[in-house]
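See below for the structure under consideration.
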Amino acid sequence: MLFCFTSLSFIFWASLLFTAGAIPYDRSKQGIHQSGPDSSTSALRYSVAPVLQPRSSKVHSLERRKETTAADQEFANGWFGQLHYENWIDYSFNSKCVGYDKNEETFMRNNLTTEVADRKLFASFGSYNKGIFTLPNLRDSVVKLVRLTGLCHETASCEIESLKAFGQHVTSGFATLPEGNVGVIIMKKVEGIPFLESSKWSFTLDEAQKMNALDALDALKREVQEMIYNLLREGKPLFSDFQNGNILIDAEEKAHLVDFGFPGVWPVKMVPERNVFNKWFERRWHFLWESSYVQLGYPVPVFYQPKAEERSGRESEDLLPLIDE
Ligand SMILES: *[C@@H]1O[C@H](CO)[C@@H](O)[C@H](O)[C@H]1NC(C)=O
């Protein structure tokens, strides 16, 4: 079993332990999603590294049940729980992304070292990637260099499959750098800036500006919601990582999705009913954009109780109704 997915399984089993009250943990560290280009991978890091703390010895069992119900909910609302508990999303904790472990075929047949020699750094990226670059002779393209070794490197080829699934033509290959071979993805450049860097958002917000920013954020939410649902209806996979760094707003204020790499894109088993999708989208949007709503003073709780029958390894007495506080 490869480390990357062992870790994902670990979250799942750890959550069952949390729900069984075996391991308390610092909830403030779990499932926090930072905005910024690195956030899908930082979310993964947060998810795979829950902070475990020694348990205080005797806890009353009702208290423990409340605690575990809360932990269970929190888990279901986390980055992967939000995918796992939806029956229309083709994701479970042992799922491998489409195209998994095909780096040899996907990257290693095409030596692009000379083609990308004059690249200029455009944006640094997550821990699986070595950055996004521009090329002087290919102005409408960007080059992404991806790691072919190290943690989760088997997921690198999934990005190529995802880009193809979304109908984007890409050139893939490898480049030999002093430190070794890296994967190369040459793709269409998307012009635009993230919402939080746009004029609609500012860090010195007065009350009126806050209302405008909130309206703009809600408008962006509706636009992205429509876009992602339409993609599903066209038979495309689910784009699930629509955080700030992955939505670029162009000069006409139109939003574009970027970053089709692991772990943001997953296949679906079916196109969900609109209201099912809307409920899921709403939760995930507020989860991914939580810090922006907090900054505006409008935090929206991401509330979701997983369905009892979808959990496994649970004793029926654990399946208590939610205790209202
Ligand atoms: C790829 O091409 C570069 C430049 O021609 C060369 O230095 C490098 O050794 C090649 N890499 C492999 C693995 O063949």
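Within each chain, counting starts at residue 1; across the structure tokens, chains are named A, B, ... in the order shown, with ligands numbered 1 upward in that order.
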
Please extract the residues of stretch 47-285 of chain A with a backbone DSSP assignment of alpha helix (DSSP H) and present them as an mmCIF file with N, CA and C atoms, in the first residue's frame.
```cif
data_model
loop_
_atom_site.group_PDB
_atom_site.id
_atom_site.type_symbol
_atom_site.label_atom_id
_atom_site.label_comp_id
_atom_site.auth_asym_id
_atom_site.auth_seq_id
_atom_site.Cartn_x
_atom_site.Cartn_y
_atom_site.Cartn_z
ATOM 1 N N SER A 47 -5.263 17.140 6.740
ATOM 2 C CA SER A 47 -6.118 15.984 6.912
ATOM 3 C C SER A 47 -5.337 14.754 7.327
ATOM 4 N N VAL A 48 -4.138 14.620 6.790
ATOM 5 C CA VAL A 48 -3.390 13.414 7.115
ATOM 6 C C VAL A 48 -2.635 13.550 8.422
ATOM 7 N N SER A 61 -19.852 9.008 30.020
ATOM 8 C CA SER A 61 -20.116 8.407 28.709
ATOM 9 C C SER A 61 -21.047 9.268 27.848
ATOM 10 N N LEU A 62 -21.990 9.978 28.465
ATOM 11 C CA LEU A 62 -22.857 10.854 27.660
ATOM 12 C C LEU A 62 -22.040 11.983 27.064
ATOM 13 N N GLU A 63 -21.165 12.517 27.890
ATOM 14 C CA GLU A 63 -20.292 13.587 27.433
ATOM 15 C C GLU A 63 -19.439 13.079 26.260
ATOM 16 N N ARG A 64 -18.993 11.839 26.444
ATOM 17 C CA ARG A 64 -18.149 11.251 25.413
ATOM 18 C C ARG A 64 -18.939 11.070 24.118
ATOM 19 N N ARG A 65 -20.195 10.676 24.256
ATOM 20 C CA ARG A 65 -21.008 10.525 23.050
ATOM 21 C C ARG A 65 -21.219 11.845 22.338
ATOM 22 N N LYS A 66 -21.454 12.887 23.135
ATOM 23 C CA LYS A 66 -21.611 14.222 22.531
ATOM 24 C C LYS A 66 -20.347 14.594 21.773
ATOM 25 N N GLU A 67 -19.236 14.348 22.460
ATOM 26 C CA GLU A 67 -17.929 14.642 21.891
ATOM 27 C C GLU A 67 -17.720 13.884 20.576
ATOM 28 N N THR A 68 -18.047 12.585 20.625
ATOM 29 C CA THR A 68 -17.776 11.768 19.457
ATOM 30 C C THR A 68 -18.737 12.095 18.323
ATOM 31 N N THR A 69 -20.000 12.436 18.665
ATOM 32 C CA THR A 69 -20.934 12.851 17.625
ATOM 33 C C THR A 69 -20.402 14.101 16.930
ATOM 34 N N ALA A 70 -19.878 15.003 17.735
ATOM 35 C CA ALA A 70 -19.333 16.236 17.169
ATOM 36 C C ALA A 70 -18.120 15.938 16.293
ATOM 37 N N ALA A 71 -17.267 15.027 16.753
ATOM 38 C CA ALA A 71 -16.076 14.674 15.979
ATOM 39 C C ALA A 71 -16.469 14.011 14.663
ATOM 40 N N ASP A 72 -17.486 13.179 14.748
ATOM 41 C CA ASP A 72 -17.997 12.486 13.578
ATOM 42 C C ASP A 72 -18.507 13.482 12.540
ATOM 43 N N GLN A 73 -19.266 14.439 13.024
ATOM 44 C CA GLN A 73 -19.794 15.462 12.117
ATOM 45 C C GLN A 73 -18.672 16.291 11.514
ATOM 46 N N GLU A 74 -17.740 16.619 12.370
ATOM 47 C CA GLU A 74 -16.632 17.434 11.914
ATOM 48 C C GLU A 74 -15.865 16.696 10.818
ATOM 49 N N PHE A 75 -15.697 15.401 11.036
ATOM 50 C CA PHE A 75 -15.005 14.606 10.040
ATOM 51 C C PHE A 75 -15.779 14.574 8.728
ATOM 52 N N ALA A 76 -17.084 14.369 8.827
ATOM 53 C CA ALA A 76 -17.920 14.305 7.623
ATOM 54 C C ALA A 76 -17.880 15.629 6.870
ATOM 55 N N GLY A 81 -14.194 13.857 3.816
ATOM 56 C CA GLY A 81 -15.504 13.406 4.285
ATOM 57 C C GLY A 81 -16.614 13.956 3.405
ATOM 58 N N GLN A 82 -16.478 15.182 2.961
ATOM 59 C CA GLN A 82 -17.491 15.792 2.098
ATOM 60 C C GLN A 82 -17.637 15.063 0.761
ATOM 61 N N LEU A 83 -16.610 14.349 0.368
ATOM 62 C CA LEU A 83 -16.688 13.552 -0.868
ATOM 63 C C LEU A 83 -17.202 12.151 -0.548
ATOM 64 N N HIS A 84 -16.673 11.607 0.541
ATOM 65 C CA HIS A 84 -16.944 10.209 0.902
ATOM 66 C C HIS A 84 -18.418 9.951 1.187
ATOM 67 N N ASN A 103 2.757 7.398 -14.529
ATOM 68 C CA ASN A 103 3.735 8.435 -14.860
ATOM 69 C C ASN A 103 4.655 8.021 -16.005
ATOM 70 N N GLU A 104 4.984 6.734 -16.044
ATOM 71 C CA GLU A 104 5.886 6.251 -17.085
ATOM 72 C C GLU A 104 5.308 6.546 -18.470
ATOM 73 N N GLU A 105 4.059 6.103 -18.698
ATOM 74 C CA GLU A 105 3.404 6.323 -19.998
ATOM 75 C C GLU A 105 3.094 7.798 -20.232
ATOM 76 N N THR A 106 2.666 8.468 -19.160
ATOM 77 C CA THR A 106 2.151 9.823 -19.316
ATOM 78 C C THR A 106 3.258 10.851 -19.520
ATOM 79 N N PHE A 107 4.358 10.679 -18.793
ATOM 80 C CA PHE A 107 5.386 11.716 -18.838
ATOM 81 C C PHE A 107 6.687 11.276 -19.509
ATOM 82 N N ALA A 156 0.551 12.117 -9.913
ATOM 83 C CA ALA A 156 0.895 13.148 -10.902
ATOM 84 C C ALA A 156 0.192 12.917 -12.234
ATOM 85 N N SER A 157 0.151 11.647 -12.676
ATOM 86 C CA SER A 157 -0.462 11.352 -13.979
ATOM 87 C C SER A 157 -1.976 11.573 -13.974
ATOM 88 N N CYS A 158 -2.579 11.629 -12.790
ATOM 89 C CA CYS A 158 -4.027 11.878 -12.726
ATOM 90 C C CYS A 158 -4.380 13.251 -13.294
ATOM 91 N N GLU A 159 -3.476 14.193 -13.135
ATOM 92 C CA GLU A 159 -3.783 15.540 -13.628
ATOM 93 C C GLU A 159 -3.978 15.544 -15.143
ATOM 94 N N ILE A 160 -3.171 14.746 -15.834
ATOM 95 C CA ILE A 160 -3.295 14.654 -17.292
ATOM 96 C C ILE A 160 -4.658 14.062 -17.663
ATOM 97 N N GLU A 161 -5.044 12.989 -16.960
ATOM 98 C CA GLU A 161 -6.348 12.368 -17.226
ATOM 99 C C GLU A 161 -7.480 13.353 -16.959
ATOM 100 N N SER A 162 -7.361 14.105 -15.863
ATOM 101 C CA SER A 162 -8.408 15.075 -15.527
ATOM 102 C C SER A 162 -8.515 16.157 -16.593
ATOM 103 N N LEU A 163 -7.362 16.699 -16.987
ATOM 104 C CA LEU A 163 -7.375 17.752 -18.008
ATOM 105 C C LEU A 163 -8.038 17.246 -19.280
ATOM 106 N N LYS A 164 -7.717 16.014 -19.658
ATOM 107 C CA LYS A 164 -8.335 15.427 -20.855
ATOM 108 C C LYS A 164 -9.832 15.254 -20.654
ATOM 109 N N ALA A 165 -10.214 14.773 -19.458
ATOM 110 C CA ALA A 165 -11.640 14.567 -19.175
ATOM 111 C C ALA A 165 -12.409 15.879 -19.271
ATOM 112 N N GLU A 207 -17.829 48.871 6.458
ATOM 113 C CA GLU A 207 -19.077 48.103 6.435
ATOM 114 C C GLU A 207 -19.707 48.048 5.042
ATOM 115 N N ALA A 208 -19.693 49.178 4.342
ATOM 116 C CA ALA A 208 -20.301 49.203 3.006
ATOM 117 C C ALA A 208 -19.512 48.317 2.045
ATOM 118 N N GLN A 209 -18.191 48.399 2.168
ATOM 119 C CA GLN A 209 -17.336 47.555 1.306
ATOM 120 C C GLN A 209 -17.540 46.085 1.634
ATOM 121 N N LYS A 210 -17.762 45.798 2.899
ATOM 122 C CA LYS A 210 -18.005 44.415 3.304
ATOM 123 C C LYS A 210 -19.264 43.874 2.637
ATOM 124 N N MET A 211 -20.321 44.692 2.614
ATOM 125 C CA MET A 211 -21.560 44.244 1.977
ATOM 126 C C MET A 211 -21.336 43.994 0.486
ATOM 127 N N ASN A 212 -20.586 44.885 -0.148
ATOM 128 C CA ASN A 212 -20.288 44.693 -1.576
ATOM 129 C C ASN A 212 -19.457 43.438 -1.801
ATOM 130 N N ALA A 213 -18.479 43.227 -0.923
ATOM 131 C CA ALA A 213 -17.625 42.043 -1.058
ATOM 132 C C ALA A 213 -18.446 40.778 -0.853
ATOM 133 N N LEU A 214 -19.378 40.829 0.102
ATOM 134 C CA LEU A 214 -20.242 39.674 0.361
ATOM 135 C C LEU A 214 -21.117 39.385 -0.865
ATOM 136 N N ASP A 215 -21.682 40.458 -1.447
ATOM 137 C CA ASP A 215 -22.491 40.284 -2.661
ATOM 138 C C ASP A 215 -21.652 39.680 -3.780
ATOM 139 N N ALA A 216 -20.423 40.186 -3.923
ATOM 140 C CA ALA A 216 -19.549 39.688 -4.984
ATOM 141 C C ALA A 216 -19.179 38.231 -4.743
ATOM 142 N N LEU A 217 -18.953 37.891 -3.485
ATOM 143 C CA LEU A 217 -18.605 36.511 -3.147
ATOM 144 C C LEU A 217 -19.791 35.580 -3.423
ATOM 145 N N ASP A 218 -20.990 36.039 -3.090
ATOM 146 C CA ASP A 218 -22.186 35.233 -3.368
ATOM 147 C C ASP A 218 -22.431 35.098 -4.873
ATOM 148 N N ALA A 219 -22.159 36.165 -5.614
ATOM 149 C CA ALA A 219 -22.308 36.093 -7.073
ATOM 150 C C ALA A 219 -21.313 35.085 -7.653
ATOM 151 N N LEU A 220 -20.092 35.118 -7.124
ATOM 152 C CA LEU A 220 -19.078 34.164 -7.578
ATOM 153 C C LEU A 220 -19.516 32.744 -7.238
ATOM 154 N N LYS A 221 -20.073 32.567 -6.057
ATOM 155 C CA LYS A 221 -20.561 31.252 -5.641
ATOM 156 C C LYS A 221 -21.599 30.730 -6.630
ATOM 157 N N ARG A 222 -22.566 31.569 -6.988
ATOM 158 C CA ARG A 222 -23.620 31.127 -7.915
ATOM 159 C C ARG A 222 -23.042 30.786 -9.279
ATOM 160 N N GLU A 223 -22.085 31.587 -9.726
ATOM 161 C CA GLU A 223 -21.479 31.344 -11.036
ATOM 162 C C GLU A 223 -20.722 30.012 -11.061
ATOM 163 N N VAL A 224 -19.938 29.779 -10.008
ATOM 164 C CA VAL A 224 -19.143 28.546 -9.958
ATOM 165 C C VAL A 224 -20.058 27.335 -9.776
ATOM 166 N N GLN A 225 -21.091 27.491 -8.989
ATOM 167 C CA GLN A 225 -22.066 26.420 -8.753
ATOM 168 C C GLN A 225 -22.709 25.986 -10.075
ATOM 169 N N GLU A 226 -23.127 26.977 -10.852
ATOM 170 C CA GLU A 226 -23.740 26.726 -12.158
ATOM 171 C C GLU A 226 -22.742 26.015 -13.085
ATOM 172 N N MET A 227 -21.519 26.534 -13.075
ATOM 173 C CA MET A 227 -20.479 26.013 -13.956
ATOM 174 C C MET A 227 -20.182 24.540 -13.639
ATOM 175 N N ILE A 228 -20.037 24.249 -12.357
ATOM 176 C CA ILE A 228 -19.665 22.890 -11.977
ATOM 177 C C ILE A 228 -20.817 21.913 -12.222
ATOM 178 N N TYR A 229 -22.035 22.358 -11.972
ATOM 179 C CA TYR A 229 -23.170 21.472 -12.249
ATOM 180 C C TYR A 229 -23.306 21.226 -13.754
ATOM 181 N N ASN A 230 -23.127 22.266 -14.544
ATOM 182 C CA ASN A 230 -23.200 22.086 -16.002
ATOM 183 C C ASN A 230 -22.132 21.131 -16.508
ATOM 184 N N LEU A 231 -20.943 21.216 -15.918
ATOM 185 C CA LEU A 231 -19.875 20.283 -16.307
ATOM 186 C C LEU A 231 -20.288 18.851 -16.016
ATOM 187 N N LEU A 232 -20.921 18.626 -14.863
ATOM 188 C CA LEU A 232 -21.396 17.280 -14.531
ATOM 189 C C LEU A 232 -22.421 16.817 -15.557
ATOM 190 N N ARG A 233 -23.317 17.724 -15.950
ATOM 191 C CA ARG A 233 -24.352 17.341 -16.921
ATOM 192 C C ARG A 233 -23.759 17.058 -18.293
ATOM 193 N N ARG A 274 -30.557 18.311 -8.833
ATOM 194 C CA ARG A 274 -30.087 19.669 -8.604
ATOM 195 C C ARG A 274 -30.055 20.028 -7.108
ATOM 196 N N ASN A 275 -31.112 19.659 -6.383
ATOM 197 C CA ASN A 275 -31.144 20.044 -4.962
ATOM 198 C C ASN A 275 -30.101 19.284 -4.134
ATOM 199 N N VAL A 276 -29.811 18.049 -4.540
ATOM 200 C CA VAL A 276 -28.763 17.274 -3.860
ATOM 201 C C VAL A 276 -27.407 17.943 -4.098
ATOM 202 N N PHE A 277 -27.178 18.306 -5.365
ATOM 203 C CA PHE A 277 -25.931 18.986 -5.707
ATOM 204 C C PHE A 277 -25.826 20.319 -4.957
ATOM 205 N N ASN A 278 -26.903 21.080 -4.971
ATOM 206 C CA ASN A 278 -26.878 22.399 -4.327
ATOM 207 C C ASN A 278 -26.517 22.306 -2.855
ATOM 208 N N LYS A 279 -27.075 21.309 -2.179
ATOM 209 C CA LYS A 279 -26.777 21.145 -0.746
ATOM 210 C C LYS A 279 -25.304 20.834 -0.540
ATOM 211 N N TRP A 280 -24.805 19.931 -1.374
ATOM 212 C CA TRP A 280 -23.388 19.577 -1.268
ATOM 213 C C TRP A 280 -22.515 20.796 -1.571
ATOM 214 N N PHE A 281 -22.867 21.489 -2.655
ATOM 215 C CA PHE A 281 -22.052 22.619 -3.085
ATOM 216 C C PHE A 281 -22.006 23.685 -2.009
ATOM 217 N N GLU A 282 -23.139 23.976 -1.439
ATOM 218 C CA GLU A 282 -23.257 24.989 -0.392
ATOM 219 C C GLU A 282 -22.283 24.696 0.762
ATOM 220 N N ARG A 283 -22.308 23.430 1.218
ATOM 221 C CA ARG A 283 -21.428 23.056 2.322
ATOM 222 C C ARG A 283 -19.968 23.186 1.939
ATOM 223 N N ARG A 284 -19.661 22.692 0.734
ATOM 224 C CA ARG A 284 -18.258 22.715 0.338
ATOM 225 C C ARG A 284 -17.782 24.138 0.088
ATOM 226 N N TRP A 285 -18.621 24.954 -0.496
ATOM 227 C CA TRP A 285 -18.254 26.350 -0.735
ATOM 228 C C TRP A 285 -17.893 27.031 0.583
#
```

- request: Any chance you could list, as an MDAnalysis selection string, the residues in stretch 115-248 of chain A that come up strand (DSSP E) when DSSP is run on the backbone?
  value: chainID A and resid 120:123 129:135 138:146 171:177 180:188 193:194 238:239 247:248

field: A:Ser240, A:Ser172, A:Asn129, A:Ser124 ranked by distance to A:Phe80, top pick (using only C-alpha atoms)
entry: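 Answer, going by the shortest atom-to-atom distance: A:Ser240.
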
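Pocket residues of ligand 1, taken as those with any atom at most 7 Å away using only C-alpha atoms and all ligand atoms, are Asn111, Leu112, Thr113, Thr114, Ala175 and Thr176 of chain A.
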
query: Hey, what's within 7 Å of A:Ile249 if we count only C-alpha atoms and toss same-chain stuff fewer than 6 positions away? As number ranges by chain, please?
result: A: 192-195, 255-256

Hey, can you spit out that residue selection with C-alpha atoms as a short mmCIF file (atom, residue, chain, number, x, y, z; two decimals), in the first residue's frame?
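The result, stored in result_0.cif:
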```cif
data_model
loop_
_atom_site.label_atom_id
_atom_site.label_comp_id
_atom_site.auth_asym_id
_atom_site.auth_seq_id
_atom_site.Cartn_x
_atom_site.Cartn_y
_atom_site.Cartn_z
CA GLY A 192 -7.18 36.16 -14.60
CA ILE A 193 -6.60 36.71 -10.93
CA PRO A 194 -8.03 35.04 -7.84
CA PHE A 195 -11.07 36.71 -6.29
CA ALA A 255 -14.66 32.90 -13.56
CA HIS A 256 -12.42 30.08 -14.83
#
```

- prompt: Given the choices A:Gly264, A:Gly78, A:Gly183, A:Pro301, which gets closest to A:Ile132 if the distance is worked out from only C-alpha atoms?
  reply: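 Closest residue, counting only C-alpha atoms: A:Gly183.
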
task: May I ask for the distance between atom CA of A:Leu138 and atom CA of A:Ala123, given in Å to one decimal place?
output: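 Distance reported for this atom pair: 16.5 Å.
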
For A:Ile185: contacts at 8 Å, only C-alpha atoms, fewer than 3 positions along chain excluded, given as a ChimeraX atom specification: /A:143-146,160,170-173

Please, could you write that set of residues out with N, CA, C and O atoms as a JSON list (two decimals), in the first residue's frame?
```
[["chain", "number", "residue", "atom", "x", "y", "z"],
["A", 143, "VAL", "N", 3.46, 26.31, -18.31],
["A", 143, "VAL", "CA", 4.10, 25.01, -18.08],
["A", 143, "VAL", "C", 4.03, 24.71, -16.60],
["A", 143, "VAL", "O", 4.38, 25.55, -15.77],
["A", 144, "LYS", "N", 3.55, 23.54, -16.28],
["A", 144, "LYS", "CA", 3.56, 23.12, -14.87],
["A", 144, "LYS", "C", 4.55, 21.99, -14.75],
["A", 144, "LYS", "O", 4.53, 21.04, -15.54],
["A", 145, "LEU", "N", 5.44, 22.10, -13.79],
["A", 145, "LEU", "CA", 6.39, 21.01, -13.53],
["A", 145, "LEU", "C", 5.91, 20.24, -12.30],
["A", 145, "LEU", "O", 5.60, 20.85, -11.27],
["A", 146, "VAL", "N", 5.77, 18.94, -12.44],
["A", 146, "VAL", "CA", 5.27, 18.13, -11.33],
["A", 146, "VAL", "C", 6.31, 17.12, -10.89],
["A", 146, "VAL", "O", 7.09, 16.61, -11.70],
["A", 160, "ILE", "N", -3.17, 14.75, -15.83],
["A", 160, "ILE", "CA", -3.29, 14.65, -17.29],
["A", 160, "ILE", "C", -4.66, 14.06, -17.66],
["A", 160, "ILE", "O", -5.36, 14.58, -18.54],
["A", 170, "VAL", "N", -3.58, 19.05, -23.79],
["A", 170, "VAL", "CA", -2.31, 19.33, -23.12],
["A", 170, "VAL", "C", -1.19, 18.53, -23.76],
["A", 170, "VAL", "O", -1.41, 17.48, -24.35],
["A", 171, "THR", "N", 0.01, 19.06, -23.61],
["A", 171, "THR", "CA", 1.20, 18.31, -24.00],
["A", 171, "THR", "C", 1.87, 17.87, -22.71],
["A", 171, "THR", "O", 2.06, 18.68, -21.80],
["A", 172, "SER", "N", 2.21, 16.60, -22.63],
["A", 172, "SER", "CA", 2.91, 16.16, -21.42],
["A", 172, "SER", "C", 4.22, 15.49, -21.80],
["A", 172, "SER", "O", 4.37, 14.94, -22.89],
["A", 173, "GLY", "N", 5.15, 15.55, -20.90],
["A", 173, "GLY", "CA", 6.46, 14.95, -21.12],
["A", 173, "GLY", "C", 7.29, 15.12, -19.86],
["A", 173, "GLY", "O", 6.72, 15.29, -18.78]]
```

- prompt: A:Val265: which residues within 8 Å, counting only C-alpha atoms, same-chain residues fewer than 5 positions away excluded, as an MDAnalysis selection string?
  reply: chainID A and resid 97 162 237:241 260

Those residues with all heavy atoms, as a JSON list (two decimals), in the first residue's frame please?
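Resulting contents of again32.json:
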```json
[["chain", "number", "residue", "atom", "x", "y", "z"],
["A", 97, "CYS", "N", -7.10, 8.19, -7.75],
["A", 97, "CYS", "CA", -7.57, 9.11, -8.78],
["A", 97, "CYS", "C", -7.42, 8.45, -10.16],
["A", 97, "CYS", "O", -6.59, 7.55, -10.34],
["A", 97, "CYS", "CB", -6.80, 10.43, -8.70],
["A", 97, "CYS", "SG", -5.00, 10.27, -8.64],
["A", 162, "SER", "N", -7.36, 14.11, -15.86],
["A", 162, "SER", "CA", -8.41, 15.08, -15.53],
["A", 162, "SER", "C", -8.51, 16.16, -16.59],
["A", 162, "SER", "O", -9.60, 16.50, -17.04],
["A", 162, "SER", "CB", -8.12, 15.75, -14.18],
["A", 162, "SER", "OG", -8.18, 14.82, -13.15],
["A", 237, "PRO", "N", -16.06, 15.02, -14.93],
["A", 237, "PRO", "CA", -15.93, 14.68, -13.51],
["A", 237, "PRO", "C", -16.31, 15.87, -12.62],
["A", 237, "PRO", "O", -16.60, 16.95, -13.10],
["A", 237, "PRO", "CB", -14.44, 14.34, -13.37],
["A", 237, "PRO", "CG", -13.87, 14.30, -14.73],
["A", 237, "PRO", "CD", -14.76, 15.10, -15.62],
["A", 238, "LEU", "N", -16.27, 15.61, -11.32],
["A", 238, "LEU", "CA", -16.57, 16.66, -10.35],
["A", 238, "LEU", "C", -15.31, 17.45, -10.02],
["A", 238, "LEU", "O", -14.31, 16.89, -9.61],
["A", 238, "LEU", "CB", -17.13, 16.04, -9.06],
["A", 238, "LEU", "CG", -17.37, 17.00, -7.90],
["A", 238, "LEU", "CD1", -18.50, 17.97, -8.23],
["A", 238, "LEU", "CD2", -17.67, 16.25, -6.62],
["A", 239, "PHE", "N", -15.40, 18.75, -10.20],
["A", 239, "PHE", "CA", -14.31, 19.64, -9.77],
["A", 239, "PHE", "C", -14.66, 20.08, -8.35],
["A", 239, "PHE", "O", -15.59, 20.84, -8.14],
["A", 239, "PHE", "CB", -14.23, 20.85, -10.71],
["A", 239, "PHE", "CG", -13.04, 21.73, -10.46],
["A", 239, "PHE", "CD1", -11.90, 21.60, -11.25],
["A", 239, "PHE", "CD2", -13.05, 22.68, -9.45],
["A", 239, "PHE", "CE1", -10.78, 22.41, -11.01],
["A", 239, "PHE", "CE2", -11.95, 23.49, -9.21],
["A", 239, "PHE", "CZ", -10.81, 23.36, -10.00],
["A", 240, "SER", "N", -13.90, 19.54, -7.37],
["A", 240, "SER", "CA", -14.33, 19.72, -5.99],
["A", 240, "SER", "C", -13.47, 20.68, -5.19],
["A", 240, "SER", "O", -13.73, 20.94, -4.02],
["A", 240, "SER", "CB", -14.35, 18.37, -5.27],
["A", 240, "SER", "OG", -13.02, 17.91, -5.04],
["A", 241, "ASP", "N", -12.42, 21.23, -5.80],
["A", 241, "ASP", "CA", -11.51, 22.09, -5.03],
["A", 241, "ASP", "C", -11.60, 23.53, -5.52],
["A", 241, "ASP", "O", -10.61, 24.12, -5.96],
["A", 241, "ASP", "CB", -10.07, 21.56, -5.16],
["A", 241, "ASP", "CG", -9.12, 22.27, -4.19],
["A", 241, "ASP", "OD1", -9.62, 23.00, -3.30],
["A", 241, "ASP", "OD2", -7.90, 22.10, -4.32],
["A", 260, "PHE", "N", -6.41, 21.00, -12.11],
["A", 260, "PHE", "CA", -7.17, 19.75, -12.21],
["A", 260, "PHE", "C", -6.40, 18.58, -11.62],
["A", 260, "PHE", "O", -6.69, 17.43, -11.89],
["A", 260, "PHE", "CB", -7.54, 19.50, -13.68],
["A", 260, "PHE", "CG", -8.44, 20.57, -14.24],
["A", 260, "PHE", "CD1", -7.93, 21.77, -14.69],
["A", 260, "PHE", "CD2", -9.81, 20.38, -14.28],
["A", 260, "PHE", "CE1", -8.75, 22.77, -15.17],
["A", 260, "PHE", "CE2", -10.65, 21.37, -14.76],
["A", 260, "PHE", "CZ", -10.12, 22.57, -15.21]]
```
